[in-house]
file run-v9.cif (mmCIF, C-alpha atoms (C1' of nucleotides))
data_input
loop_
_atom_site.group_PDB
_atom_site.id
_atom_site.type_symbol
_atom_site.label_atom_id
_atom_site.label_comp_id
_atom_site.auth_asym_id
_atom_site.auth_seq_id
_atom_site.Cartn_x
_atom_site.Cartn_y
_atom_site.Cartn_z
ATOM 1 C CA MET A 1 -24.276 -37.299 -10.946
ATOM 2 C CA LYS A 2 -21.919 -36.465 -8.096
ATOM 3 C CA ILE A 3 -21.122 -32.775 -7.585
ATOM 4 C CA ALA A 4 -18.457 -31.937 -5.003
ATOM 5 C CA THR A 5 -17.091 -28.772 -3.415
ATOM 6 C CA TRP A 6 -13.680 -28.544 -1.735
ATOM 7 C CA ASN A 7 -11.582 -25.676 -0.434
ATOM 8 C CA VAL A 8 -8.104 -27.072 -1.097
ATOM 9 C CA ASN A 9 -6.070 -24.220 0.495
ATOM 10 C CA SER A 10 -3.614 -23.967 -2.439
ATOM 11 C CA ILE A 11 -4.033 -26.299 -5.409
ATOM 12 C CA LYS A 12 -0.277 -26.596 -5.874
ATOM 13 C CA ALA A 13 0.297 -27.635 -2.263
ATOM 14 C CA ARG A 14 -2.670 -30.034 -2.491
ATOM 15 C CA LEU A 15 -2.189 -31.522 -5.962
ATOM 16 C CA GLU A 16 -1.352 -35.054 -4.828
ATOM 17 C CA ASN A 17 -4.178 -34.993 -2.248
ATOM 18 C CA ALA A 18 -6.634 -33.818 -4.883
ATOM 19 C CA LEU A 19 -5.608 -36.426 -7.452
ATOM 20 C CA ALA A 20 -5.821 -39.209 -4.876
ATOM 21 C CA TRP A 21 -9.278 -38.135 -3.761
ATOM 22 C CA LEU A 22 -10.599 -37.781 -7.324
ATOM 23 C CA LYS A 23 -9.439 -41.301 -8.159
ATOM 24 C CA ALA A 24 -11.115 -42.713 -5.056
ATOM 25 C CA ALA A 25 -14.352 -40.699 -5.078
ATOM 26 C CA ASP A 26 -14.852 -40.315 -8.836
ATOM 27 C CA PRO A 27 -17.048 -37.179 -8.750
ATOM 28 C CA ASP A 28 -18.533 -35.841 -12.008
ATOM 29 C CA VAL A 29 -18.102 -32.172 -11.099
ATOM 30 C CA VAL A 30 -15.743 -30.630 -8.544
ATOM 31 C CA CYS A 31 -15.923 -27.031 -7.374
ATOM 32 C CA LEU A 32 -12.577 -25.938 -5.951
ATOM 33 C CA GLN A 33 -11.778 -22.882 -3.831
ATOM 34 C CA GLU A 34 -8.645 -21.137 -2.556
ATOM 35 C CA LEU A 35 -6.467 -22.099 -5.492
ATOM 36 C CA LYS A 36 -3.934 -19.419 -4.495
ATOM 37 C CA CYS A 37 -2.512 -19.265 -8.013
ATOM 38 C CA GLU A 38 -3.048 -17.546 -11.327
ATOM 39 C CA ASP A 39 -4.807 -19.353 -14.188
ATOM 40 C CA ASP A 40 -1.563 -20.084 -16.028
ATOM 41 C CA ALA A 41 -0.098 -21.813 -12.972
ATOM 42 C CA PHE A 42 -3.076 -24.121 -12.374
ATOM 43 C CA PRO A 43 -1.958 -27.763 -12.882
ATOM 44 C CA SER A 44 -4.653 -28.487 -15.486
ATOM 45 C CA LEU A 45 -2.795 -31.305 -17.226
ATOM 46 C CA ALA A 46 -2.784 -33.559 -14.161
ATOM 47 C CA PHE A 47 -6.591 -33.315 -13.956
ATOM 48 C CA GLU A 48 -7.096 -33.647 -17.700
ATOM 49 C CA GLU A 49 -5.177 -36.920 -17.528
ATOM 50 C CA LEU A 50 -7.876 -38.163 -15.134
ATOM 51 C CA GLY A 51 -10.523 -37.234 -17.680
ATOM 52 C CA TYR A 52 -11.602 -33.866 -16.333
ATOM 53 C CA ASN A 53 -12.230 -30.610 -18.152
ATOM 54 C CA VAL A 54 -10.852 -27.613 -16.271
ATOM 55 C CA VAL A 55 -12.057 -24.027 -16.039
ATOM 56 C CA THR A 56 -10.420 -21.628 -13.603
ATOM 57 C CA HIS A 57 -10.777 -18.115 -12.265
ATOM 58 C CA GLY A 58 -7.602 -17.490 -10.323
ATOM 59 C CA GLN A 59 -5.396 -14.688 -9.084
ATOM 60 C CA LYS A 60 -1.967 -14.386 -7.549
ATOM 61 C CA THR A 61 -1.519 -15.541 -3.922
ATOM 62 C CA TYR A 62 -5.130 -15.365 -2.733
ATOM 63 C CA ASN A 63 -8.608 -16.719 -3.446
ATOM 64 C CA GLY A 64 -9.193 -18.423 -6.813
ATOM 65 C CA VAL A 65 -11.941 -20.864 -7.850
ATOM 66 C CA ALA A 66 -12.237 -23.624 -10.433
ATOM 67 C CA ILE A 67 -14.615 -26.248 -11.769
ATOM 68 C CA LEU A 68 -13.426 -29.693 -12.848
ATOM 69 C CA SER A 69 -15.923 -31.740 -14.831
ATOM 70 C CA LYS A 70 -16.158 -34.908 -16.858
ATOM 71 C CA ARG A 71 -18.629 -33.206 -19.183
ATOM 72 C CA LYS A 72 -17.730 -30.178 -21.251
ATOM 73 C CA PRO A 73 -18.520 -26.942 -19.416
ATOM 74 C CA GLU A 74 -20.804 -24.550 -21.281
ATOM 75 C CA ASP A 75 -21.657 -20.886 -20.709
ATOM 76 C CA VAL A 76 -18.745 -20.345 -18.299
ATOM 77 C CA ARG A 77 -19.053 -17.170 -16.223
ATOM 78 C CA ARG A 78 -16.160 -15.754 -14.197
ATOM 79 C CA GLY A 79 -16.950 -13.338 -11.389
ATOM 80 C CA LEU A 80 -20.293 -13.055 -9.617
ATOM 81 C CA PRO A 81 -22.721 -11.518 -12.123
ATOM 82 C CA GLY A 82 -23.804 -8.083 -10.945
ATOM 83 C CA ASN A 83 -20.660 -7.658 -8.828
ATOM 84 C CA ASP A 84 -18.380 -6.450 -11.596
ATOM 85 C CA GLU A 85 -16.275 -4.141 -9.422
ATOM 86 C CA ASP A 86 -15.065 -7.118 -7.351
ATOM 87 C CA GLY A 87 -11.340 -7.518 -7.983
ATOM 88 C CA GLN A 88 -11.139 -10.813 -6.071
ATOM 89 C CA ALA A 89 -11.494 -14.187 -7.839
ATOM 90 C CA ARG A 90 -14.322 -15.785 -5.862
ATOM 91 C CA TYR A 91 -16.898 -17.057 -8.360
ATOM 92 C CA ILE A 92 -17.031 -19.279 -11.427
ATOM 93 C CA GLU A 93 -20.050 -20.952 -12.973
ATOM 94 C CA ALA A 94 -20.693 -23.437 -15.768
ATOM 95 C CA VAL A 95 -23.636 -25.286 -17.297
ATOM 96 C CA PHE A 96 -23.620 -29.027 -17.948
ATOM 97 C CA SER A 97 -25.911 -30.821 -20.372
ATOM 98 C CA ARG A 98 -27.149 -34.317 -19.650
ATOM 99 C CA LYS A 99 -29.622 -36.599 -21.346
ATOM 100 C CA SER A 100 -31.965 -35.910 -18.433
ATOM 101 C CA GLY A 101 -31.491 -32.145 -18.720
ATOM 102 C CA MET A 102 -29.098 -29.338 -17.842
ATOM 103 C CA VAL A 103 -27.684 -28.365 -14.473
ATOM 104 C CA ARG A 104 -25.909 -25.134 -13.623
ATOM 105 C CA VAL A 105 -23.064 -25.339 -11.096
ATOM 106 C CA ALA A 106 -21.268 -22.477 -9.340
ATOM 107 C CA SER A 107 -18.036 -22.628 -7.327
ATOM 108 C CA ILE A 108 -18.155 -19.964 -4.612
ATOM 109 C CA TYR A 109 -15.487 -18.665 -2.246
ATOM 110 C CA LEU A 110 -17.307 -16.226 -0.016
ATOM 111 C CA PRO A 111 -15.157 -13.680 1.849
ATOM 112 C CA ASN A 112 -14.041 -14.607 5.358
ATOM 113 C CA GLY A 113 -14.904 -11.173 6.771
ATOM 114 C CA ASN A 114 -12.633 -11.089 9.811
ATOM 115 C CA PRO A 115 -12.117 -8.995 11.785
ATOM 116 C CA VAL A 116 -15.705 -7.893 12.469
ATOM 117 C CA GLY A 117 -16.179 -4.136 12.361
ATOM 118 C CA THR A 118 -13.714 -3.591 9.523
ATOM 119 C CA GLU A 119 -14.057 -3.064 5.789
ATOM 120 C CA LYS A 120 -13.440 -6.800 5.395
ATOM 121 C CA PHE A 121 -16.663 -7.602 7.215
ATOM 122 C CA ALA A 122 -18.586 -4.987 5.226
ATOM 123 C CA TYR A 123 -17.166 -6.539 2.021
ATOM 124 C CA LYS A 124 -18.394 -9.975 3.123
ATOM 125 C CA LEU A 125 -21.924 -8.683 3.735
ATOM 126 C CA ARG A 126 -22.004 -6.806 0.423
ATOM 127 C CA TRP A 127 -20.800 -9.935 -1.366
ATOM 128 C CA MET A 128 -23.605 -11.947 0.245
ATOM 129 C CA ASP A 129 -26.136 -9.318 -0.837
ATOM 130 C CA HIS A 130 -24.888 -9.611 -4.429
ATOM 131 C CA LEU A 131 -25.125 -13.401 -4.221
ATOM 132 C CA HIS A 132 -28.694 -13.122 -2.930
ATOM 133 C CA ALA A 133 -29.689 -10.869 -5.816
ATOM 134 C CA TYR A 134 -28.098 -13.201 -8.353
ATOM 135 C CA ALA A 135 -29.668 -16.336 -6.819
ATOM 136 C CA LYS A 136 -33.041 -14.604 -6.935
ATOM 137 C CA ALA A 137 -32.541 -13.838 -10.624
ATOM 138 C CA LEU A 138 -31.457 -17.425 -11.369
ATOM 139 C CA LEU A 139 -34.544 -18.795 -9.632
ATOM 140 C CA THR A 140 -36.787 -17.077 -12.174
ATOM 141 C CA LEU A 141 -35.309 -19.437 -14.808
ATOM 142 C CA GLU A 142 -36.826 -22.406 -12.913
ATOM 143 C CA GLU A 143 -33.787 -24.550 -13.687
ATOM 144 C CA PRO A 144 -31.755 -26.983 -11.600
ATOM 145 C CA PHE A 145 -28.702 -25.242 -10.154
ATOM 146 C CA VAL A 146 -26.200 -25.876 -7.378
ATOM 147 C CA LEU A 147 -24.385 -23.058 -5.594
ATOM 148 C CA ALA A 148 -21.510 -24.928 -3.980
ATOM 149 C CA GLY A 149 -18.543 -23.626 -2.080
ATOM 150 C CA ASP A 150 -16.890 -22.236 1.001
ATOM 151 C CA TYR A 151 -19.552 -19.846 2.333
ATOM 152 C CA ASN A 152 -17.515 -18.927 5.408
ATOM 153 C CA VAL A 153 -20.762 -19.018 7.388
ATOM 154 C CA ILE A 154 -21.648 -21.273 10.331
ATOM 155 C CA PRO A 155 -25.417 -21.380 9.767
ATOM 156 C CA THR A 156 -26.541 -22.435 13.267
ATOM 157 C CA PRO A 157 -25.029 -23.480 16.645
ATOM 158 C CA LEU A 158 -25.561 -27.079 15.516
ATOM 159 C CA ASP A 159 -22.850 -26.481 12.903
ATOM 160 C CA ALA A 160 -20.015 -25.968 15.405
ATOM 161 C CA LYS A 161 -18.513 -28.160 18.119
ATOM 162 C CA ASN A 162 -18.042 -25.084 20.337
ATOM 163 C CA PRO A 163 -20.397 -22.364 19.072
ATOM 164 C CA ASP A 164 -19.474 -20.033 21.936
ATOM 165 C CA ALA A 165 -15.886 -19.895 20.668
ATOM 166 C CA TRP A 166 -17.137 -18.322 17.406
ATOM 167 C CA LYS A 167 -19.331 -15.615 18.965
ATOM 168 C CA THR A 168 -17.072 -12.755 17.917
ATOM 169 C CA ASP A 169 -16.029 -14.307 14.591
ATOM 170 C CA ALA A 170 -17.304 -13.065 11.220
ATOM 171 C CA LEU A 171 -18.379 -16.627 10.333
ATOM 172 C CA PHE A 172 -20.979 -16.714 13.101
ATOM 173 C CA GLN A 173 -22.212 -13.107 13.263
ATOM 174 C CA PRO A 174 -25.991 -12.537 13.177
ATOM 175 C CA GLU A 175 -25.530 -10.487 9.974
ATOM 176 C CA SER A 176 -23.690 -13.358 8.245
ATOM 177 C CA ARG A 177 -26.163 -15.982 9.454
ATOM 178 C CA ALA A 178 -29.152 -13.852 8.490
ATOM 179 C CA ARG A 179 -27.874 -13.508 4.934
ATOM 180 C CA PHE A 180 -27.278 -17.250 4.688
ATOM 181 C CA GLY A 181 -30.795 -17.781 6.027
ATOM 182 C CA ALA A 182 -32.119 -15.337 3.444
ATOM 183 C CA LEU A 183 -30.695 -17.548 0.678
ATOM 184 C CA LEU A 184 -32.638 -20.480 2.125
ATOM 185 C CA ASN A 185 -35.742 -18.304 2.406
ATOM 186 C CA LEU A 186 -35.549 -17.686 -1.335
ATOM 187 C CA GLY A 187 -36.310 -21.373 -1.698
ATOM 188 C CA LEU A 188 -32.806 -22.841 -1.823
ATOM 189 C CA THR A 189 -32.121 -26.154 -0.068
ATOM 190 C CA ASP A 190 -29.065 -26.844 2.118
ATOM 191 C CA ALA A 191 -28.318 -30.327 0.744
ATOM 192 C CA ILE A 192 -26.556 -31.689 3.850
ATOM 193 C CA ARG A 193 -29.392 -30.627 6.181
ATOM 194 C CA GLN A 194 -32.002 -31.889 3.735
ATOM 195 C CA VAL A 195 -30.459 -35.371 3.912
ATOM 196 C CA HIS A 196 -29.234 -35.461 7.515
ATOM 197 C CA GLY A 197 -31.811 -33.316 9.326
ATOM 198 C CA ASP A 198 -30.601 -31.870 12.632
ATOM 199 C CA ALA A 199 -27.838 -34.440 13.097
ATOM 200 C CA PRO A 200 -24.972 -32.924 15.144
ATOM 201 C CA GLY A 201 -21.271 -33.210 14.394
ATOM 202 C CA LEU A 202 -21.416 -32.541 10.653
ATOM 203 C CA TYR A 203 -18.281 -30.480 10.078
ATOM 204 C CA THR A 204 -16.282 -29.525 6.971
ATOM 205 C CA PHE A 205 -13.430 -27.507 8.508
ATOM 206 C CA TRP A 206 -11.002 -28.108 11.353
ATOM 207 C CA ASP A 207 -8.337 -25.532 12.154
ATOM 208 C CA TYR A 208 -4.719 -26.603 11.780
ATOM 209 C CA GLN A 209 -4.066 -25.175 15.224
ATOM 210 C CA ALA A 210 -4.472 -26.467 18.769
ATOM 211 C CA GLY A 211 -5.301 -30.031 17.751
ATOM 212 C CA ALA A 212 -8.705 -29.061 16.392
ATOM 213 C CA TRP A 213 -8.971 -32.211 14.262
ATOM 214 C CA GLN A 214 -7.921 -34.548 17.076
ATOM 215 C CA ARG A 215 -10.524 -32.905 19.357
ATOM 216 C CA ASN A 216 -13.115 -32.871 16.540
ATOM 217 C CA ASN A 217 -13.373 -29.136 17.129
ATOM 218 C CA GLY A 218 -14.911 -28.477 13.717
ATOM 219 C CA ILE A 219 -17.391 -26.212 11.958
ATOM 220 C CA ARG A 220 -19.665 -26.640 8.936
ATOM 221 C CA ILE A 221 -18.974 -23.778 6.535
ATOM 222 C CA ASP A 222 -18.810 -25.492 3.114
ATOM 223 C CA HIS A 223 -22.283 -25.791 1.674
ATOM 224 C CA ALA A 224 -24.203 -26.882 -1.419
ATOM 225 C CA LEU A 225 -27.398 -24.903 -1.942
ATOM 226 C CA LEU A 226 -29.888 -26.328 -4.439
ATOM 227 C CA SER A 227 -32.599 -24.663 -6.483
ATOM 228 C CA PRO A 228 -36.047 -26.305 -6.137
ATOM 229 C CA GLN A 229 -35.519 -28.057 -9.467
ATOM 230 C CA ALA A 230 -32.150 -29.415 -8.249
ATOM 231 C CA ALA A 231 -33.601 -30.366 -4.851
ATOM 232 C CA ASP A 232 -36.140 -32.524 -6.699
ATOM 233 C CA LEU A 233 -33.165 -34.437 -8.137
ATOM 234 C CA LEU A 234 -31.358 -34.870 -4.792
ATOM 235 C CA LYS A 235 -30.429 -38.488 -4.056
ATOM 236 C CA ASP A 236 -27.839 -38.066 -1.307
ATOM 237 C CA ALA A 237 -25.377 -35.636 0.275
ATOM 238 C CA TRP A 238 -22.391 -36.306 2.500
ATOM 239 C CA ILE A 239 -19.139 -34.957 3.899
ATOM 240 C CA GLU A 240 -15.851 -36.662 2.961
ATOM 241 C CA ARG A 241 -14.511 -36.471 6.496
ATOM 242 C CA GLU A 242 -11.676 -38.987 6.042
ATOM 243 C CA VAL A 243 -9.927 -36.621 3.593
ATOM 244 C CA ARG A 244 -8.778 -34.698 6.685
ATOM 245 C CA THR A 245 -6.557 -37.717 7.542
ATOM 246 C CA GLN A 246 -4.471 -37.287 4.354
ATOM 247 C CA GLU A 247 -0.796 -36.373 4.604
ATOM 248 C CA ARG A 248 -0.550 -32.552 4.599
ATOM 249 C CA PRO A 249 -4.328 -32.144 4.301
ATOM 250 C CA SER A 250 -6.363 -29.069 3.517
ATOM 251 C CA ASP A 251 -8.119 -27.687 6.593
ATOM 252 C CA HIS A 252 -11.398 -28.240 4.671
ATOM 253 C CA VAL A 253 -12.828 -31.538 3.386
ATOM 254 C CA PRO A 254 -15.065 -32.114 0.337
ATOM 255 C CA VAL A 255 -18.854 -32.022 0.466
ATOM 256 C CA VAL A 256 -20.616 -34.159 -2.157
ATOM 257 C CA VAL A 257 -24.184 -34.013 -3.464
ATOM 258 C CA GLU A 258 -25.566 -36.749 -5.671
ATOM 259 C CA LEU A 259 -28.326 -35.819 -8.089
ATOM 260 C CA LYS A 260 -30.555 -38.181 -10.070
ATOM 261 C "C1'" DA B 1 -2.114 -15.586 24.429
ATOM 262 C "C1'" DT B 2 -3.293 -9.794 18.488
ATOM 263 C "C1'" DG B 3 -0.887 -17.145 19.918
ATOM 264 C "C1'" DA B 4 -0.998 -21.906 18.093
ATOM 265 C "C1'" DC B 5 -0.552 -23.860 11.948
ATOM 266 C "C1'" DA B 6 -0.370 -23.468 7.077
ATOM 267 C "C1'" DT B 7 0.486 -21.085 2.620
ATOM 268 C "C1'" DA B 8 2.441 -17.464 -0.701
ATOM 269 C "C1'" DT B 9 5.865 -14.307 -1.500
ATOM 270 C "C1'" DG B 10 10.550 -14.129 -1.802
ATOM 271 C "C1'" DA B 11 14.659 -14.685 0.770
ATOM 272 C "C1'" DG B 12 12.905 -12.313 6.405
ATOM 273 C "C1'" DA B 13 8.914 -11.040 7.893
ATOM 274 C "C1'" DT B 14 4.289 -10.129 6.737
ATOM 275 C "C1'" DA B 15 -0.540 -10.880 4.983
ATOM 276 C "C1'" DT B 16 -4.296 -13.962 5.076
ATOM 277 C "C1'" DG B 17 -7.042 -17.490 6.592
ATOM 278 C "C1'" DA B 18 -11.252 -19.148 9.997
#
call {"tool": "encode", "arguments": {"input": "run-v9.cif", "output": "C-alpha cells"}}
result
Amino acid sequence: MKIATWNVNSIKARLENALAWLKAADPDVVCLQELKCEDDAFPSLAFEELGYNVVTHGQKTYNGVAILSKRKPEDVRRGLPGNDEDGQARYIEAVFSRKSGMVRVASIYLPNGNPVGTEKFAYKLRWMDHLHAYAKALLTLEEPFVLAGDYNVIPTPLDAKNPDAWKTDALFQPESRARFGALLNLGLTDAIRQVHGDAPGLYTFWDYQAGAWQRNNGIRIDHALLSPQAADLLKDAWIEREVRTQERPSDHVPVVVELK
DNA sequence: ATGACATATGAGATATGA
C-alpha cells in the first residue's frame, strides 16, 4: 500500500501535473496540501476518473488539504481534533480498511510561521502543540496511522543544502525543531530517515527563486510520521524528486511510504 | 537586496509562501 504526501501549491494550477504523476506512480492514498480553493472548486471528477475517492477540506485562496484514495474513506475528520477554534483548513483525516487491517491517514499542512517573532510564529507553535496532544491521544489506540504532510519544519541541518541560510527562518527555529523532535519522542517514526538513515541530500522543496532547483538548494520539510504499528508495516519510503522537472512544477515534490 | 518566483484575487497591487 503506497501512501503519498504532496504540497501541490494550488490544485487548479497543478491539475495536469497531478494527474500525470498519479498515472505514473499509482499510489493508493495521496495526501494533498495547499489546494488554494474551496471544496466546491476542487476538480474531483478528474481524480474520480482515475479511480480515486476524494475528500477535501478547503478554503478560499489559502491552505486547503485533501485525501485521494482508491479505497473508500471512512470516519473522515476535518480540522485538527482539539483545535476547533482554528479557522484555517490545515487538517483532514480518514480511515482505510484492508484485509490485513485498518490504517488511519492524515493530511497535514502545518503553518509556515514566518516571520519569527510575530503572531504567525506563535500560531505555528500552538498548532504543533495541538498536533502533539492529538498524536499522543491517537497512540493510546495502538493502531497503525500515518501523519503525512507539509510540516514546514527542517528537522536537522542534514535536511538542508545550506542550513546557515535558514537560521532566522521559522522552519529551522529551535522551537519548531524541538516540537518536531517531540513528536518523534512520542514514538513516531520519520519514514524517510528510518529507510535512508543519515543520508544527505534528501530534499522535498526547492524555492522557485534564484535557481534553487538547478543548484539543488533544497530542504526536507514534507514528512510522513508513522505510529509504531505503522512502522512495523514499513516496506520502503522515498522522495519523488523527478516531479520537480515537470512543466510548471510545484515547489514541493511527493514523498511516498509503502506499507506491507 | 523587506529581492528573486509563483499563485489567488480581481483587474493593479497586495498577501502569502518558505
call {"tool": "interface_residues", "arguments": {"input": "run-v9.cif", "of": "chain A", "to": "chain B", "cutoff": "8 Å", "atoms": "all atoms listed in the file", "output": "list of chain:residue names"}}
result
A:Asn9, A:Ser10, A:Lys36, A:Thr61, A:Tyr62, A:Asn112, A:Asn152, A:Leu171, A:Asp207, A:Tyr208, A:Gln209, A:Ala210
call {"tool": "atom_distance", "arguments": {"input": "run-v9.cif", "atom1": "CA of Asn216 (chain A)", "atom2": "CA of Gly201 (chain A)"}}
result
8.4 Å
call {"tool": "resolve_selection", "arguments": {"input": "run-v9.cif", "expression": "the PyMOL selection byres ((chain A and resi 53) around 12)", "output": "ChimeraX atom specification"}}
result
/A:28-31,43-52,54-56,66-74,94,96
call {"tool": "residues_around", "arguments": {"input": "run-v9.cif", "residues": "Met102 (chain A)", "least_positions_apart": "5", "cutoff": "8 Å", "atoms": "all atoms listed in the file", "output": "VMD selection string"}}
result
chain A and resid 95 to 97 143 to 144
call {"tool": "residues_around", "arguments": {"input": "run-v9.cif", "residues": "Arg241 (chain A)", "least_positions_apart": "2", "cutoff": "8 Å", "atoms": "only C-alpha atoms (C1' of nucleotides)", "output": "number ranges by chain"}}
result
A: 203-204, 239, 243-244, 253-254
call {"tool": "resolve_selection", "arguments": {"input": "run-v9.cif", "expression": "the PyMOL selection byres ((chain A and resi 5) around 10)", "output": "PyMOL selection string"}}
result
chain A and resi 3-4+6-8+27+29-33+66-67+106-108+147-150+222-224+239+252-257
call {"tool": "atom_distance", "arguments": {"input": "run-v9.cif", "atom1": "CA of Lys260 (chain A)", "atom2": "CA of Ala237 (chain A)"}}
result
11.8 Å
call {"tool": "atom_distance", "arguments": {"input": "run-v9.cif", "atom1": "CA of Cys37 (chain A)", "atom2": "CA of Tyr151 (chain A)"}}
result
19.9 Å
call {"tool": "resolve_selection", "arguments": {"input": "run-v9.cif", "expression": "the PyMOL selection byres ((chain A and resi 134) around 12)", "output": "list in words"}}
result
Gly79, Leu80, Pro81, Gly82, Asn83, Tyr91, Ala106, Trp127, Met128, Asp129, His130, Leu131, His132, Ala133, Ala135, Lys136, Ala137, Leu138, Leu139, Thr140, Leu141, Leu147, Leu183 and Leu186 of chain A
call {"tool": "residues_around", "arguments": {"input": "run-v9.cif", "residues": "Asp159 (chain A)", "least_positions_apart": "4", "cutoff": "8 Å", "atoms": "all atoms listed in the file", "output": "NGL selection string"}}
result
:A and (154-155 or 163 or 200-203 or 219-221)
call {"tool": "build_atoms", "arguments": {"input": "run-v9.cif", "residues": "region 30-37 of chain A", "atoms": "all heavy atoms", "output": "PDB file, in the frame of the given file"}}
result
ATOM      1  N   VAL A  30     -16.403 -31.039  -9.785  1.00  0.00           N
ATOM      2  CA  VAL A  30     -15.743 -30.630  -8.544  1.00  0.00           C
ATOM      3  C   VAL A  30     -15.550 -29.122  -8.552  1.00  0.00           C
ATOM      4  O   VAL A  30     -14.878 -28.580  -9.443  1.00  0.00           O
ATOM      5  CB  VAL A  30     -14.374 -31.306  -8.363  1.00  0.00           C
ATOM      6  CG1 VAL A  30     -13.806 -30.961  -6.983  1.00  0.00           C
ATOM      7  CG2 VAL A  30     -14.474 -32.805  -8.547  1.00  0.00           C
ATOM      8  N   CYS A  31     -16.126 -28.458  -7.569  1.00  0.00           N
ATOM      9  CA  CYS A  31     -15.923 -27.031  -7.374  1.00  0.00           C
ATOM     10  C   CYS A  31     -14.779 -26.852  -6.386  1.00  0.00           C
ATOM     11  O   CYS A  31     -14.839 -27.361  -5.264  1.00  0.00           O
ATOM     12  CB  CYS A  31     -17.183 -26.389  -6.801  1.00  0.00           C
ATOM     13  SG  CYS A  31     -18.621 -26.573  -7.865  1.00  0.00           S
ATOM     14  N   LEU A  32     -13.728 -26.169  -6.820  1.00  0.00           N
ATOM     15  CA  LEU A  32     -12.577 -25.938  -5.951  1.00  0.00           C
ATOM     16  C   LEU A  32     -12.520 -24.473  -5.534  1.00  0.00           C
ATOM     17  O   LEU A  32     -12.903 -23.584  -6.302  1.00  0.00           O
ATOM     18  CB  LEU A  32     -11.273 -26.295  -6.685  1.00  0.00           C
ATOM     19  CG  LEU A  32     -11.120 -27.747  -7.143  1.00  0.00           C
ATOM     20  CD1 LEU A  32      -9.831 -27.913  -7.950  1.00  0.00           C
ATOM     21  CD2 LEU A  32     -11.138 -28.700  -5.952  1.00  0.00           C
ATOM     22  N   GLN A  33     -11.992 -24.249  -4.317  1.00  0.00           N
ATOM     23  CA  GLN A  33     -11.778 -22.882  -3.831  1.00  0.00           C
ATOM     24  C   GLN A  33     -10.392 -22.758  -3.207  1.00  0.00           C
ATOM     25  O   GLN A  33      -9.771 -23.743  -2.851  1.00  0.00           O
ATOM     26  CB  GLN A  33     -12.832 -22.491  -2.777  1.00  0.00           C
ATOM     27  CG  GLN A  33     -14.261 -22.541  -3.276  1.00  0.00           C
ATOM     28  CD  GLN A  33     -14.885 -23.904  -3.068  1.00  0.00           C
ATOM     29  OE1 GLN A  33     -14.608 -24.564  -2.069  1.00  0.00           O
ATOM     30  NE2 GLN A  33     -15.744 -24.330  -3.988  1.00  0.00           N
ATOM     31  N   GLU A  34      -9.967 -21.506  -3.082  1.00  0.00           N
ATOM     32  CA  GLU A  34      -8.645 -21.137  -2.556  1.00  0.00           C
ATOM     33  C   GLU A  34      -7.517 -21.789  -3.335  1.00  0.00           C
ATOM     34  O   GLU A  34      -6.654 -22.459  -2.774  1.00  0.00           O
ATOM     35  CB  GLU A  34      -8.518 -21.441  -1.052  1.00  0.00           C
ATOM     36  CG  GLU A  34      -9.074 -20.324  -0.192  1.00  0.00           C
ATOM     37  CD  GLU A  34      -8.351 -20.174   1.154  1.00  0.00           C
ATOM     38  OE1 GLU A  34      -8.755 -20.814   2.120  1.00  0.00           O
ATOM     39  OE2 GLU A  34      -7.366 -19.411   1.210  1.00  0.00           O
ATOM     40  N   LEU A  35      -7.535 -21.577  -4.644  1.00  0.00           N
ATOM     41  CA  LEU A  35      -6.467 -22.099  -5.492  1.00  0.00           C
ATOM     42  C   LEU A  35      -5.124 -21.471  -5.154  1.00  0.00           C
ATOM     43  O   LEU A  35      -4.082 -22.107  -5.248  1.00  0.00           O
ATOM     44  CB  LEU A  35      -6.781 -21.807  -6.964  1.00  0.00           C
ATOM     45  CG  LEU A  35      -8.160 -22.218  -7.479  1.00  0.00           C
ATOM     46  CD1 LEU A  35      -8.295 -21.830  -8.946  1.00  0.00           C
ATOM     47  CD2 LEU A  35      -8.373 -23.715  -7.292  1.00  0.00           C
ATOM     48  N   LYS A  36      -5.148 -20.182  -4.813  1.00  0.00           N
ATOM     49  CA  LYS A  36      -3.934 -19.419  -4.495  1.00  0.00           C
ATOM     50  C   LYS A  36      -2.918 -19.419  -5.633  1.00  0.00           C
ATOM     51  O   LYS A  36      -1.701 -19.478  -5.388  1.00  0.00           O
ATOM     52  CB  LYS A  36      -3.277 -19.940  -3.206  1.00  0.00           C
ATOM     53  CG  LYS A  36      -4.142 -19.739  -1.962  1.00  0.00           C
ATOM     54  CD  LYS A  36      -3.364 -20.064  -0.696  1.00  0.00           C
ATOM     55  CE  LYS A  36      -4.148 -19.700   0.548  1.00  0.00           C
ATOM     56  NZ  LYS A  36      -3.394 -19.971   1.773  1.00  0.00           N
ATOM     57  N   CYS A  37      -3.420 -19.403  -6.869  1.00  0.00           N
ATOM     58  CA  CYS A  37      -2.512 -19.265  -8.013  1.00  0.00           C
ATOM     59  C   CYS A  37      -3.261 -18.634  -9.184  1.00  0.00           C
ATOM     60  O   CYS A  37      -4.495 -18.609  -9.213  1.00  0.00           O
ATOM     61  CB  CYS A  37      -1.931 -20.610  -8.422  1.00  0.00           C
ATOM     62  SG  CYS A  37      -3.110 -21.741  -9.172  1.00  0.00           S
TER      63      CYS A  37
END
